[in-house]
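Below is the file run.cif, which contains mmCIF, C-alpha atoms.
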```
data_my_file
#
loop_
_atom_site.group_PDB
_atom_site.id
_atom_site.type_symbol
_atom_site.label_atom_id
_atom_site.label_comp_id
_atom_site.auth_asym_id
_atom_site.auth_seq_id
_atom_site.Cartn_x
_atom_site.Cartn_y
_atom_site.Cartn_z
ATOM 1 C CA MET A 26 0.157 -9.486 26.331
ATOM 2 C CA LEU A 27 -2.186 -6.983 24.700
ATOM 3 C CA SER A 28 -4.800 -5.328 26.857
ATOM 4 C CA ARG A 29 -8.478 -5.883 26.127
ATOM 5 C CA LYS A 30 -8.715 -2.384 24.620
ATOM 6 C CA ASN A 31 -5.725 -2.962 22.336
ATOM 7 C CA ARG A 32 -7.047 -6.377 21.264
ATOM 8 C CA LEU A 33 -10.369 -4.781 20.329
ATOM 9 C CA LEU A 34 -8.570 -2.062 18.378
ATOM 10 C CA LEU A 35 -6.492 -4.680 16.547
ATOM 11 C CA LEU A 36 -9.644 -6.638 15.670
ATOM 12 C CA LYS A 37 -11.267 -3.492 14.297
ATOM 13 C CA VAL A 38 -8.211 -2.765 12.163
ATOM 14 C CA LEU A 39 -8.344 -6.340 10.840
ATOM 15 C CA SER A 40 -12.067 -5.922 10.254
ATOM 16 C CA LEU A 41 -11.551 -2.766 8.206
ATOM 17 C CA PHE A 42 -8.736 -4.489 6.269
ATOM 18 C CA SER A 43 -11.159 -7.336 5.537
ATOM 19 C CA VAL A 44 -13.892 -4.927 4.415
ATOM 20 C CA VAL A 45 -11.643 -3.023 2.007
ATOM 21 C CA ARG A 46 -10.027 -6.286 0.809
ATOM 22 C CA GLY A 47 -6.570 -4.869 1.502
ATOM 23 C CA TYR A 48 -4.851 -7.835 -0.165
ATOM 24 C CA ASN A 49 -6.772 -7.224 -3.414
ATOM 25 C CA VAL A 50 -5.982 -3.502 -3.350
ATOM 26 C CA LEU A 51 -2.282 -4.265 -2.850
ATOM 27 C CA MET A 52 -2.348 -6.783 -5.708
ATOM 28 C CA ILE A 53 -3.885 -4.248 -8.103
ATOM 29 C CA LEU A 54 -1.308 -1.654 -7.034
ATOM 30 C CA VAL A 55 1.534 -4.076 -7.823
ATOM 31 C CA ALA A 56 -0.124 -5.078 -11.111
ATOM 32 C CA GLN A 57 -0.406 -1.433 -12.223
ATOM 33 C CA TYR A 58 3.275 -0.812 -11.619
ATOM 34 C CA LEU A 59 4.400 -4.056 -13.274
ATOM 35 C CA ALA A 60 2.181 -3.356 -16.289
ATOM 36 C CA SER A 61 3.633 0.160 -16.492
ATOM 37 C CA ILE A 62 7.211 -1.120 -16.366
ATOM 38 C CA PHE A 63 7.036 -4.163 -18.640
ATOM 39 C CA ILE A 64 4.048 -3.632 -20.944
ATOM 40 C CA LEU A 65 3.053 0.015 -21.231
ATOM 41 C CA SER A 66 6.452 1.741 -21.128
ATOM 42 C CA PRO A 67 9.237 -0.846 -21.586
ATOM 43 C CA ASP A 68 11.611 1.746 -23.079
ATOM 44 C CA LEU A 69 11.526 4.157 -20.148
ATOM 45 C CA PRO A 70 14.203 3.946 -17.409
ATOM 46 C CA LEU A 71 13.010 2.180 -14.275
ATOM 47 C CA GLY A 72 13.674 5.178 -12.051
ATOM 48 C CA LYS A 73 11.600 7.428 -14.283
ATOM 49 C CA ILE A 74 8.597 5.109 -13.794
ATOM 50 C CA ILE A 75 9.057 4.417 -10.090
ATOM 51 C CA PHE A 76 9.535 8.101 -9.241
ATOM 52 C CA ASP A 77 6.909 9.429 -11.639
ATOM 53 C CA LEU A 78 4.614 11.409 -9.318
ATOM 54 C CA ASN A 79 1.756 11.449 -11.832
ATOM 55 C CA LEU A 80 1.813 7.662 -12.059
ATOM 56 C CA PHE A 81 2.052 7.406 -8.276
ATOM 57 C CA PHE A 82 -1.011 9.597 -7.804
ATOM 58 C CA ILE A 83 -2.961 7.664 -10.464
ATOM 59 C CA VAL A 84 -2.153 4.378 -8.709
ATOM 60 C CA LEU A 85 -2.908 5.903 -5.285
ATOM 61 C CA ALA A 86 -6.250 7.313 -6.474
ATOM 62 C CA SER A 87 -7.094 3.920 -7.990
ATOM 63 C CA SER A 88 -6.290 2.160 -4.715
ATOM 64 C CA LEU A 89 -8.419 4.591 -2.703
ATOM 65 C CA VAL A 90 -11.416 4.237 -5.033
ATOM 66 C CA ILE A 91 -11.128 0.445 -5.127
ATOM 67 C CA ALA A 92 -10.979 0.324 -1.315
ATOM 68 C CA SER A 93 -14.033 2.581 -1.075
ATOM 69 C CA GLY A 94 -15.769 0.393 -3.651
ATOM 70 C CA TYR A 95 -15.289 -2.675 -1.484
ATOM 71 C CA ILE A 96 -16.749 -0.719 1.440
ATOM 72 C CA ILE A 97 -19.943 0.319 -0.366
ATOM 73 C CA ASN A 98 -20.280 -3.174 -1.812
ATOM 74 C CA ASN A 99 -19.936 -4.622 1.702
ATOM 75 C CA PHE A 100 -22.484 -2.087 2.977
ATOM 76 C CA TYR A 101 -25.166 -3.159 0.488
ATOM 77 C CA ASP A 102 -24.338 -6.878 0.782
ATOM 78 C CA ALA A 103 -24.141 -7.031 4.581
ATOM 79 C CA GLU A 104 -27.277 -9.142 5.038
ATOM 80 C CA LYS A 105 -26.611 -11.375 2.061
ATOM 81 C CA ASP A 106 -23.049 -12.063 3.204
ATOM 82 C CA LEU A 107 -24.342 -13.353 6.546
ATOM 83 C CA ILE A 108 -25.578 -16.346 4.554
ATOM 84 C CA ASN A 109 -22.853 -16.615 1.910
ATOM 85 C CA LYS A 110 -19.817 -15.674 4.031
ATOM 86 C CA PRO A 111 -20.795 -16.037 7.710
ATOM 87 C CA ARG A 112 -17.256 -16.062 9.155
ATOM 88 C CA LYS A 113 -16.058 -13.072 7.158
ATOM 89 C CA SER A 114 -19.298 -11.233 7.959
ATOM 90 C CA MET A 115 -18.764 -11.635 11.689
ATOM 91 C CA LEU A 116 -15.307 -10.053 11.337
ATOM 92 C CA ASP A 117 -16.621 -7.278 9.068
ATOM 93 C CA ARG A 118 -19.361 -6.401 11.568
ATOM 94 C CA LEU A 119 -16.794 -5.352 14.171
ATOM 95 C CA VAL A 120 -16.801 -2.063 12.251
ATOM 96 C CA SER A 121 -20.150 -0.251 12.316
ATOM 97 C CA GLN A 122 -22.092 0.583 9.163
ATOM 98 C CA ARG A 123 -21.860 4.272 10.083
ATOM 99 C CA PHE A 124 -18.057 4.077 10.275
ATOM 100 C CA LYS A 125 -17.943 2.220 6.951
ATOM 101 C CA LEU A 126 -19.959 4.949 5.226
ATOM 102 C CA THR A 127 -17.827 7.692 6.760
ATOM 103 C CA THR A 128 -14.669 5.926 5.568
ATOM 104 C CA TYR A 129 -16.245 5.425 2.132
ATOM 105 C CA PHE A 130 -16.858 9.155 1.646
ATOM 106 C CA LEU A 131 -13.450 10.126 3.047
ATOM 107 C CA LEU A 132 -11.616 7.720 0.724
ATOM 108 C CA ASN A 133 -13.517 9.000 -2.304
ATOM 109 C CA LEU A 134 -12.852 12.645 -1.422
ATOM 110 C CA LEU A 135 -9.180 11.852 -0.909
ATOM 111 C CA ALA A 136 -9.059 10.006 -4.259
ATOM 112 C CA VAL A 137 -10.505 13.001 -6.134
ATOM 113 C CA PHE A 138 -8.102 15.332 -4.324
ATOM 114 C CA VAL A 139 -5.137 13.120 -5.267
ATOM 115 C CA ALA A 140 -6.344 12.903 -8.887
ATOM 116 C CA SER A 141 -6.510 16.697 -9.063
ATOM 117 C CA TYR A 142 -2.715 16.744 -8.835
ATOM 118 C CA VAL A 143 -2.529 14.854 -12.165
ATOM 119 C CA SER A 144 -5.119 16.711 -14.258
ATOM 120 C CA PHE A 145 -8.749 17.755 -14.489
ATOM 121 C CA ARG A 146 -9.346 14.776 -16.797
ATOM 122 C CA ALA A 147 -8.088 12.483 -14.054
ATOM 123 C CA VAL A 148 -10.594 14.075 -11.672
ATOM 124 C CA LEU A 149 -13.405 13.416 -14.174
ATOM 125 C CA PHE A 150 -12.239 9.827 -14.713
ATOM 126 C CA PHE A 151 -12.090 8.942 -11.026
ATOM 127 C CA SER A 152 -15.357 10.764 -10.290
ATOM 128 C CA ALA A 153 -17.040 8.671 -12.987
ATOM 129 C CA TYR A 154 -15.306 5.572 -11.606
ATOM 130 C CA ILE A 155 -16.673 6.278 -8.106
ATOM 131 C CA PHE A 156 -20.181 6.783 -9.494
ATOM 132 C CA GLY A 157 -19.911 3.590 -11.568
ATOM 133 C CA ILE A 158 -18.946 1.520 -8.529
ATOM 134 C CA TRP A 159 -21.846 2.970 -6.516
ATOM 135 C CA LEU A 160 -24.318 2.333 -9.359
ATOM 136 C CA TYR A 161 -23.088 -1.244 -9.685
ATOM 137 C CA SER A 162 -23.322 -1.925 -5.940
ATOM 138 C CA HIS A 163 -26.738 -0.292 -5.598
ATOM 139 C CA LYS A 164 -28.500 -1.389 -8.794
ATOM 140 C CA LEU A 165 -26.597 -3.171 -11.545
ATOM 141 C CA LYS A 166 -25.312 -6.036 -9.412
ATOM 142 C CA LYS A 167 -28.808 -7.512 -9.383
ATOM 143 C CA VAL A 168 -29.128 -7.502 -13.191
ATOM 144 C CA PRO A 169 -28.109 -10.899 -14.636
ATOM 145 C CA PHE A 170 -24.978 -10.941 -16.805
ATOM 146 C CA VAL A 171 -24.989 -7.125 -17.095
ATOM 147 C CA GLY A 172 -23.922 -6.986 -13.447
ATOM 148 C CA ASN A 173 -21.114 -9.469 -14.135
ATOM 149 C CA VAL A 174 -19.828 -7.527 -17.151
ATOM 150 C CA VAL A 175 -19.978 -4.191 -15.307
ATOM 151 C CA SER A 176 -18.152 -5.705 -12.316
ATOM 152 C CA VAL A 177 -15.295 -6.912 -14.524
ATOM 153 C CA THR A 178 -15.165 -3.603 -16.404
ATOM 154 C CA LEU A 179 -14.855 -1.720 -13.121
ATOM 155 C CA SER A 180 -12.155 -4.155 -11.969
ATOM 156 C CA ILE A 181 -9.911 -3.430 -14.969
ATOM 157 C CA ALA A 182 -10.657 0.326 -15.093
ATOM 158 C CA PRO A 183 -7.518 1.187 -13.030
ATOM 159 C CA PHE A 184 -5.383 -0.388 -15.769
ATOM 160 C CA PHE A 185 -7.227 1.718 -18.327
ATOM 161 C CA ALA A 186 -6.208 4.843 -16.380
ATOM 162 C CA VAL A 187 -2.513 3.872 -16.589
ATOM 163 C CA PHE A 188 -2.942 2.823 -20.222
ATOM 164 C CA VAL A 189 -4.319 6.262 -21.155
ATOM 165 C CA TYR A 190 -1.578 7.985 -19.159
ATOM 166 C CA TYR A 191 1.145 6.314 -21.230
ATOM 167 C CA LYS A 192 -0.875 6.605 -24.480
ATOM 168 C CA ASN A 193 0.316 3.194 -25.583
ATOM 169 C CA PHE A 194 -2.201 1.841 -28.112
ATOM 170 C CA GLN A 195 -0.385 -1.268 -29.307
ATOM 171 C CA THR A 196 -2.543 -4.265 -30.236
ATOM 172 C CA ASP A 197 -0.937 -6.665 -27.771
ATOM 173 C CA ILE A 198 -2.153 -4.507 -24.863
ATOM 174 C CA PHE A 199 -5.761 -4.936 -25.997
ATOM 175 C CA VAL A 200 -5.217 -8.695 -26.325
ATOM 176 C CA HIS A 201 -3.804 -8.806 -22.775
ATOM 177 C CA ALA A 202 -6.888 -6.865 -21.614
ATOM 178 C CA LEU A 203 -9.220 -9.281 -23.406
ATOM 179 C CA PHE A 204 -7.523 -12.248 -21.744
ATOM 180 C CA LEU A 205 -7.920 -10.664 -18.303
ATOM 181 C CA PHE A 206 -11.519 -9.610 -19.018
ATOM 182 C CA CYS A 207 -12.625 -13.132 -20.005
ATOM 183 C CA LEU A 208 -10.828 -14.712 -17.063
ATOM 184 C CA MET A 209 -12.423 -12.323 -14.584
ATOM 185 C CA LEU A 210 -15.865 -12.706 -16.174
ATOM 186 C CA ALA A 211 -15.704 -16.485 -15.686
ATOM 187 C CA ARG A 212 -14.681 -15.860 -12.080
ATOM 188 C CA GLU A 213 -17.642 -13.543 -11.505
ATOM 189 C CA ILE A 214 -20.149 -16.138 -12.706
ATOM 190 C CA ILE A 215 -18.482 -18.818 -10.578
ATOM 191 C CA LYS A 216 -18.996 -16.493 -7.590
ATOM 192 C CA ASP A 217 -22.702 -16.395 -8.440
ATOM 193 C CA LEU A 218 -22.786 -20.201 -8.264
ATOM 194 C CA GLU A 219 -21.102 -20.010 -4.837
ATOM 195 C CA ASN A 220 -23.568 -17.460 -3.528
ATOM 196 C CA ILE A 221 -26.885 -18.872 -4.715
ATOM 197 C CA ALA A 222 -28.310 -19.221 -1.184
ATOM 198 C CA GLY A 223 -27.746 -15.613 -0.124
ATOM 199 C CA ASP A 224 -28.617 -14.176 -3.536
ATOM 200 C CA LEU A 225 -31.895 -16.081 -3.629
ATOM 201 C CA ALA A 226 -32.822 -15.027 -0.082
ATOM 202 C CA HIS A 227 -32.299 -11.330 -0.873
ATOM 203 C CA GLY A 228 -33.803 -11.106 -4.344
ATOM 204 C CA TYR A 229 -30.657 -10.968 -6.464
ATOM 205 C CA ARG A 230 -31.337 -11.924 -10.094
ATOM 206 C CA THR A 231 -28.146 -13.733 -11.052
ATOM 207 C CA ILE A 232 -27.630 -16.134 -13.951
ATOM 208 C CA PRO A 233 -27.753 -19.296 -11.751
ATOM 209 C CA ILE A 234 -30.990 -18.152 -10.080
ATOM 210 C CA ILE A 235 -32.826 -17.213 -13.291
ATOM 211 C CA TYR A 236 -31.482 -19.793 -15.732
ATOM 212 C CA GLY A 237 -30.204 -22.561 -13.463
ATOM 213 C CA THR A 238 -26.881 -24.238 -12.806
ATOM 214 C CA VAL A 239 -26.556 -25.997 -16.169
ATOM 215 C CA ILE A 240 -26.973 -22.803 -18.217
ATOM 216 C CA SER A 241 -24.535 -21.052 -15.877
ATOM 217 C CA LYS A 242 -21.957 -23.758 -16.555
ATOM 218 C CA VAL A 243 -22.558 -23.410 -20.302
ATOM 219 C CA VAL A 244 -21.939 -19.645 -20.076
ATOM 220 C CA ILE A 245 -18.777 -20.175 -18.010
ATOM 221 C CA THR A 246 -17.564 -22.796 -20.504
ATOM 222 C CA VAL A 247 -18.054 -20.392 -23.420
ATOM 223 C CA VAL A 248 -16.230 -17.590 -21.569
ATOM 224 C CA VAL A 249 -13.326 -19.877 -20.621
ATOM 225 C CA LEU A 250 -13.019 -21.114 -24.219
ATOM 226 C CA LEU A 251 -12.969 -17.478 -25.343
ATOM 227 C CA THR A 252 -10.110 -16.924 -22.867
ATOM 228 C CA LEU A 253 -8.068 -19.479 -24.806
ATOM 229 C CA VAL A 254 -8.212 -17.263 -27.922
ATOM 230 C CA PRO A 255 -6.199 -14.300 -26.574
ATOM 231 C CA SER A 256 -3.885 -16.795 -24.839
ATOM 232 C CA TRP A 257 -3.103 -18.425 -28.189
ATOM 233 C CA LEU A 258 -2.762 -15.048 -29.949
ATOM 234 C CA LEU A 259 -0.305 -13.788 -27.340
ATOM 235 C CA ILE A 260 1.798 -16.939 -27.717
ATOM 236 C CA GLU A 261 1.787 -17.084 -31.514
ATOM 237 C CA ASN A 262 1.509 -13.494 -32.745
ATOM 238 C CA PHE A 263 3.115 -11.290 -30.109
ATOM 239 C CA ASN A 264 6.432 -11.092 -28.341
ATOM 240 C CA VAL A 265 5.638 -11.968 -24.725
ATOM 241 C CA GLY A 266 9.061 -13.457 -24.009
ATOM 242 C CA ARG A 267 9.069 -16.229 -21.436
ATOM 243 C CA MET A 268 5.556 -15.259 -20.363
ATOM 244 C CA ASP A 269 4.432 -17.645 -23.108
ATOM 245 C CA TYR A 270 5.063 -20.424 -20.534
ATOM 246 C CA TYR A 271 2.423 -18.796 -18.347
ATOM 247 C CA PHE A 272 -0.126 -18.641 -21.172
ATOM 248 C CA LYS A 273 0.587 -22.249 -22.209
ATOM 249 C CA ALA A 274 0.124 -23.370 -18.600
ATOM 250 C CA CYS A 275 -3.095 -21.331 -18.425
ATOM 251 C CA MET A 276 -4.523 -23.113 -21.451
ATOM 252 C CA GLY A 277 -3.888 -26.480 -19.827
ATOM 253 C CA VAL A 278 -5.220 -25.425 -16.422
ATOM 254 C CA LEU A 279 -8.336 -23.863 -17.958
ATOM 255 C CA LEU A 280 -9.163 -27.058 -19.854
ATOM 256 C CA LEU A 281 -8.796 -28.982 -16.588
ATOM 257 C CA PHE A 282 -10.946 -26.297 -14.943
ATOM 258 C CA LEU A 283 -13.772 -27.035 -17.405
ATOM 259 C CA VAL A 284 -13.654 -30.751 -16.567
ATOM 260 C CA LEU A 285 -13.876 -29.925 -12.845
ATOM 261 C CA LEU A 286 -16.631 -27.387 -13.487
ATOM 262 C CA TRP A 287 -18.980 -29.955 -15.000
ATOM 263 C CA ARG A 288 -18.271 -32.361 -12.137
ATOM 264 C CA SER A 289 -18.948 -29.745 -9.440
ATOM 265 C CA ASN A 290 -22.288 -29.378 -7.673
ATOM 266 C CA THR A 291 -21.587 -28.024 -4.184
ATOM 267 C CA LYS A 292 -20.591 -24.626 -2.834
ATOM 268 C CA LYS A 293 -17.277 -26.029 -1.589
ATOM 269 C CA GLU A 294 -16.434 -27.239 -5.092
ATOM 270 C CA TYR A 295 -17.371 -23.871 -6.609
ATOM 271 C CA VAL A 296 -15.127 -22.138 -4.072
ATOM 272 C CA TRP A 297 -12.250 -24.335 -5.228
ATOM 273 C CA LEU A 298 -12.957 -23.388 -8.852
ATOM 274 C CA HIS A 299 -13.108 -19.725 -7.872
ATOM 275 C CA ASN A 300 -9.722 -20.056 -6.161
ATOM 276 C CA ILE A 301 -8.212 -21.702 -9.247
ATOM 277 C CA LEU A 302 -9.159 -18.678 -11.363
ATOM 278 C CA LYS A 303 -7.937 -16.311 -8.652
ATOM 279 C CA LEU A 304 -4.551 -18.084 -8.597
ATOM 280 C CA ILE A 305 -4.298 -17.850 -12.389
ATOM 281 C CA ILE A 306 -4.847 -14.089 -12.137
ATOM 282 C CA VAL A 307 -2.328 -13.684 -9.294
ATOM 283 C CA PHE A 308 0.333 -15.729 -11.119
ATOM 284 C CA GLY A 309 -0.406 -13.655 -14.206
ATOM 285 C CA VAL A 310 0.437 -10.461 -12.346
ATOM 286 C CA PHE A 311 3.875 -11.695 -11.304
ATOM 287 C CA SER A 312 4.467 -13.433 -14.649
ATOM 288 C CA ILE A 313 4.563 -10.018 -16.328
ATOM 289 C CA VAL A 314 8.265 -9.839 -15.445
ATOM 290 C CA LEU A 315 8.822 -12.866 -17.715
ATOM 291 C CA ILE A 316 8.088 -10.749 -20.780
ATOM 292 C CA ASP A 317 11.700 -9.600 -20.739
ATOM 293 C CA LEU A 318 13.970 -11.123 -18.108
ATOM 294 C CA ASP A 319 16.988 -9.374 -19.634
ATOM 295 C CA LEU A 320 15.181 -6.091 -19.096
ATOM 296 C CA VAL A 321 14.637 -7.027 -15.435
ATOM 297 C CA ILE A 322 18.323 -7.814 -14.975
ATOM 298 C CA ASP A 323 19.455 -4.673 -16.814
ATOM 299 C CA ARG A 324 17.101 -2.438 -14.878
ATOM 300 C CA LEU A 325 18.115 -3.938 -11.562
ATOM 301 C CA HIS A 326 21.749 -3.446 -12.548
ATOM 302 C CA ILE A 327 21.143 0.184 -13.540
ATOM 303 C CA TRP A 328 19.123 0.688 -10.345
ATOM 304 C CA LYS A 329 22.031 -0.645 -8.298
ATOM 305 C CA ILE A 330 24.517 1.643 -10.055
ATOM 306 C CA THR A 331 22.344 4.740 -9.704
#
```

In structure tokens, what does this structure look like?
Amino acid sequence: MLSRKNRLLLLKVLSLFSVVRGYNVLMILVAQYLASIFILSPDLPLGKIIFDLNLFFIVLASSLVIASGYIINNFYDAEKDLINKPRKSMLDRLVSQRFKLTTYFLLNLLAVFVASYVSFRAVLFFSAYIFGIWLYSHKLKKVPFVGNVVSVTLSIAPFFAVFVYYKNFQTDIFVHALFLFCLMLAREIIKDLENIAGDLAHGYRTIPIIYGTVISKVVITVVVLLTLVPSWLLIENFNVGRMDYYFKACMGVLLLFLVLLWRSNTKKEYVWLHNILKLIIVFGVFSIVLIDLDLVIDRLHIWKIT
């Protein structure tokens, strides 16, 4: 049995993990490596990617900045989240606001230090990334639609860092990015529908609050239909291997999503819709390996030999 002191320490660790959304940070880390292996540098040996220190430090700096971003976002949204996410807020409050801010600054300093190993340009990129996250959390989040677009842009920025590192400017990469951007934008607006109560109480100017639920659903519908375009392009015009099954499934699920969207009116239903989009994104991350299964087998074989 754990002592009372150890139980409290464990709860605080869980609280900090909840604040920094550790599961999201881990998912982005995995996604960056999978994208590097199967999309951005498919011709490089697996070992050269896995043991590339520059790539490691880019991914590490990204993870640190993302974690710090969740902290500052949690800091500014603390009161609002008491209404929108009461259970999570009670767990998050086990860690003081002062400790959160201290951790925020330490993570950002560590991220810049790590980036300095790669290059001065990496330092500038991650410094701008840190500032962008702060500006979004402090100001832009309350601006309708602009806040949603900025949030999604910041979410995919870590992939841009890896993309620039490998200097791979093929068209299919931009189409993949467009697919992810549209999917995440729809998810952001769904979150606004979930959080109407807290946003309204604390003066947030989101699309549902200013224009209403119906207009919000129209915007989400347009964004989801736009998501179908890069899905179709990736299936028909680019070699995505067996990942085309993922994109075909996405098209079907997204059409079903639209039917459910127009039938939904409660927070619980919006949460379900949010989770559907989240699952599509998560499955998309692991479906990257389907682009070339032979490559996976060959690389695992080479890895085993070496």

Contacts of segment 119-135 of chain A within 9 Å, only C-alpha atoms, excl. fewer than 6 positions in-chain, as a ChimeraX atom specification: /A:33,36-38,40-41,44,86,89-90,92-97,99-100,151-152,155

Separation of atom CA of Val284 of chain A from atom CA of Met268 of chain A in Å: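 These two atoms are separated by 25.0 Å.
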
Shell of 12 Å around Ala182 of chain A, only C-alpha atoms, local chain residues under 3 positions omitted, as a CSV table (one decimal) with C-alpha atoms, in the frame of the given file:
```
chain,number,residue,atom,x,y,z
A,53,ILE,CA,-3.9,-4.2,-8.1
A,57,GLN,CA,-0.4,-1.4,-12.2
A,83,ILE,CA,-3.0,7.7,-10.5
A,84,VAL,CA,-2.2,4.4,-8.7
A,86,ALA,CA,-6.2,7.3,-6.5
A,87,SER,CA,-7.1,3.9,-8.0
A,88,SER,CA,-6.3,2.2,-4.7
A,90,VAL,CA,-11.4,4.2,-5.0
A,91,ILE,CA,-11.1,0.4,-5.1
A,150,PHE,CA,-12.2,9.8,-14.7
A,151,PHE,CA,-12.1,8.9,-11.0
A,153,ALA,CA,-17.0,8.7,-13.0
A,154,TYR,CA,-15.3,5.6,-11.6
A,155,ILE,CA,-16.7,6.3,-8.1
A,157,GLY,CA,-19.9,3.6,-11.6
A,158,ILE,CA,-18.9,1.5,-8.5
A,175,VAL,CA,-20.0,-4.2,-15.3
A,176,SER,CA,-18.2,-5.7,-12.3
A,177,VAL,CA,-15.3,-6.9,-14.5
A,178,THR,CA,-15.2,-3.6,-16.4
A,179,LEU,CA,-14.9,-1.7,-13.1
A,185,PHE,CA,-7.2,1.7,-18.3
A,186,ALA,CA,-6.2,4.8,-16.4
A,187,VAL,CA,-2.5,3.9,-16.6
A,188,PHE,CA,-2.9,2.8,-20.2
A,189,VAL,CA,-4.3,6.3,-21.2
A,202,ALA,CA,-6.9,-6.9,-21.6
A,205,LEU,CA,-7.9,-10.7,-18.3
A,206,PHE,CA,-11.5,-9.6,-19.0
```

Among the residues A:Ile75, A:Cys207, A:Ile316, A:Ala103, the one that comes closest to Met115 of chain A [using all atoms listed in the file]: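 Smallest separation from Met115 of chain A among the options: A:Ala103.
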
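Evaluated against this file, the PyMOL selection byres ((chain A and resi 296) around 12) yields Asn109, Lys110, Arg212, Glu213, Ile214, Ile215, Lys216, Asp217, Leu218, Glu219, Asn220, Leu285, Leu286, Ser289, Asn290, Thr291, Lys292, Lys293, Glu294, Tyr295, Trp297, Leu298, His299, Asn300, Ile301, Leu302 and Lys303 of chain A.
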
Restricting it to C-alpha atoms, dump the selection as a PDB file, in the coordinates of the input.
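Once written, again.pdb looks like this:
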```pdb
ATOM      1  CA  ASN A 109     -22.853 -16.615   1.910  1.00  0.00           C
ATOM      2  CA  LYS A 110     -19.817 -15.674   4.031  1.00  0.00           C
ATOM      3  CA  ARG A 212     -14.681 -15.860 -12.080  1.00  0.00           C
ATOM      4  CA  GLU A 213     -17.642 -13.543 -11.505  1.00  0.00           C
ATOM      5  CA  ILE A 214     -20.149 -16.138 -12.706  1.00  0.00           C
ATOM      6  CA  ILE A 215     -18.482 -18.818 -10.578  1.00  0.00           C
ATOM      7  CA  LYS A 216     -18.996 -16.493  -7.590  1.00  0.00           C
ATOM      8  CA  ASP A 217     -22.702 -16.395  -8.440  1.00  0.00           C
ATOM      9  CA  LEU A 218     -22.786 -20.201  -8.264  1.00  0.00           C
ATOM     10  CA  GLU A 219     -21.102 -20.010  -4.837  1.00  0.00           C
ATOM     11  CA  ASN A 220     -23.568 -17.460  -3.528  1.00  0.00           C
ATOM     12  CA  LEU A 285     -13.876 -29.925 -12.845  1.00  0.00           C
ATOM     13  CA  LEU A 286     -16.631 -27.387 -13.487  1.00  0.00           C
ATOM     14  CA  SER A 289     -18.948 -29.745  -9.440  1.00  0.00           C
ATOM     15  CA  ASN A 290     -22.288 -29.378  -7.673  1.00  0.00           C
ATOM     16  CA  THR A 291     -21.587 -28.024  -4.184  1.00  0.00           C
ATOM     17  CA  LYS A 292     -20.591 -24.626  -2.834  1.00  0.00           C
ATOM     18  CA  LYS A 293     -17.277 -26.029  -1.589  1.00  0.00           C
ATOM     19  CA  GLU A 294     -16.434 -27.239  -5.092  1.00  0.00           C
ATOM     20  CA  TYR A 295     -17.371 -23.871  -6.609  1.00  0.00           C
ATOM     21  CA  TRP A 297     -12.250 -24.335  -5.228  1.00  0.00           C
ATOM     22  CA  LEU A 298     -12.957 -23.388  -8.852  1.00  0.00           C
ATOM     23  CA  HIS A 299     -13.108 -19.725  -7.872  1.00  0.00           C
ATOM     24  CA  ASN A 300      -9.722 -20.056  -6.161  1.00  0.00           C
ATOM     25  CA  ILE A 301      -8.212 -21.702  -9.247  1.00  0.00           C
ATOM     26  CA  LEU A 302      -9.159 -18.678 -11.363  1.00  0.00           C
ATOM     27  CA  LYS A 303      -7.937 -16.311  -8.652  1.00  0.00           C
TER      28      LYS A 303
END
```

d(atom CA of Val243 of chain A, atom CA of Val171 of chain A) in Å: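 Going from atom CA of Val243 of chain A over to atom CA of Val171 of chain A covers 16.8 Å.
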
Picked residues, the PyMOL selection byres ((chain A and resi 108) around 12), expected as a ChimeraX atom specification: /A:102-107,109-115,219-227

Minimum-distance residue to Thr231 of chain A, chosen among A:Phe170, A:Phe156, A:Phe76, A:Phe81 (using all atoms listed in the file):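 Nearest to Thr231 of chain A: A:Phe170.
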
Separation of atom CA of Gly309 of chain A from atom CA of Val244 of chain A in Å: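 Computing the Euclidean distance for atom CA of Val244 of chain A and atom CA of Gly309 of chain A yields 23.1 Å.
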